[in-house]
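Visitor: Let me begin by handing over the structure; questions about it come next.
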Amino acid sequence: MPFPDFLQHDYPLKHLNTFSIDVRAKHYLRVTSVELLRSALADPQLAAMPRLVLGGGSNLLLTRDFPGLVLHIALEGRDILSGTPSHHHVRAAAGETWHNFVQWTLAQGVGGLENLSLIPGTVGAAPIQNIGAYGAETKEFFLSLTAFDPASGEVRVMDGADCRFAYRDSVFKHEGRGLIILEVSFALPRAWQANLRYAELANAVAQQGLAAPTAQQVADTVIAIRRRKLPDPADIGNAGSFFKNPVVSAEQCAQLLEKFPTLVHHRQPDGSEKLAAGWLIDQCGWKGKSMGAAGVYPKQALVLVNNGGATGAEVQALAAAIQADVAQRYGVALEPEPVFI
Ligand SMILES: Cc1cc2nc3c(=O)[nH]c(=O)nc-3n(C[C@H](O)[C@H](O)[C@H](O)COP(=O)(O)OP(=O)(O)OC[C@H]3O[C@@H](n4cnc5c(N)ncnc54)[C@H](O)[C@@H]3O)c2cc1C
């Protein structure tokens, strides 16, 4: 049976993943409408194939050519809904670029998402790992989303409880894997207050002499800090933080502190302790080191980079060597943040 003519074949993915891994998709569809998605998945041949839903490709490690169908989500559109007396409600289609969406909300005079400025990727992927940065997480502003269920062909509406958000986690990494997010809505407080809980951000705002910063000024500060600390994927391939910060019991943390008094740790509301993965990797001597064409970013040990022409397997091997070192020295398991494909 011939494939539908809206499909492309043997499609290069190098420019569609921020690690710049040079692999190809057997079949590729740029999903510009829900109708197109429906008709693709109504085709029995396509529905039966392995499937990769792709947003901005900024949280993926492609380890080889993809043998099935890549659905590249390019749904566009954003609007401000009527909201409630206490909250603005804003909505964006899954293919909108996250950072552009955040900047657009600010330009509409709607604050709240500014701490999450400059996180790469799409709106549709934001709930997947409950993206977070600078003392804020998606779940704090999340209202609802719609998701296409390929199994039933239905569109579901899901609220925050349905999404089961946690640190860099949600239902979409578990039972909800396979659902295709179509659009996401956020509730942003009309009574805006700067969130300066994150010390580095508070200090940077204070250094500018901003006693009462606007949401845009907070965004600009976050953008400046991020530009200073993180490599721009346009210049050097990477997927941001490569490992999650491991969470250990208070008891394990106390034992580690006896041996390593400078261990960087943050107490969590439930009494557990979050360790700084970057610090653990740095202490094992990995900062700036390379294995083949994959390396550890010299300015931030938590970021693995493609120094040029790295394969996904090389990045994977480097990650495994780091995990083994950290486990041996600290007895702590590091879990990768990007999805390995
Ligand atoms: C320089 C840099 C800095 C970063 N900083 C941060 C940070 O501060 N905080 C943070 O949390 N993350 C950060 N990240 C990681 C990344 O930006 C986020 O995880 C982002 O949400 C990924 O979006 P994406 O569209 O690129 O997703 P992709 O990489 O395309 O996909 C990631 C996963 O989501 C799935 N997916 C994507 N879109 C959909 C959809 N519409 N429906 C269903 N599943 C979907 C994919 O199948 C895949 O499993 C950073 C990455 C980089 C490169």
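Ligands are numbered from 1 in the order shown, residues from 1 within each chain, and chains are lettered A, B, ... in the order they appear in the structure tokens.
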List every residue of range 15-243 of chain A that DSSP, applied to the backbone of this structure, assigns to alpha helix (DSSP H), and report them as a VMD selection string.
Guide: chain A and resid 34 to 42 44 to 47 98 to 107 160 to 163 199 to 207 215 to 229
Visitor: As a ChimeraX atom specification, please: the residues near Ser39 in chain A (cut-off 12 Å, only C-alpha atoms, same-chain neighbours under 3 positions excluded).
Guide: /A:3-7,29,31,33-36,42-47,150,153
Visitor: Please identify the residues whose atoms come within 8 Å of ligand 1, using only C-alpha atoms and all ligand atoms, and report them as a ChimeraX atom specification.
Guide: /A:17-19,52-60,73,94-95,97-98,116,118-134,137,147,168,172-173,177-183,230-233,237-241,337-339
Visitor: Write out as an NGL selection string each polymer residue whose atoms come within 12 Å of Ala161 in chain A, counting only C-alpha atoms; drop sequence neighbours fewer than 5 positions from it.
Guide: :A and (139-140 or 142-145 or 166 or 170-171)
Visitor: Tell me which of A:Gly309, A:Pro261, A:Pro298, A:Gly160 sits closest to Lys229 in chain A, counting only C-alpha atoms.
Guide: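 With only C-alpha atoms as the atom set, the closest residue is A:Pro298.
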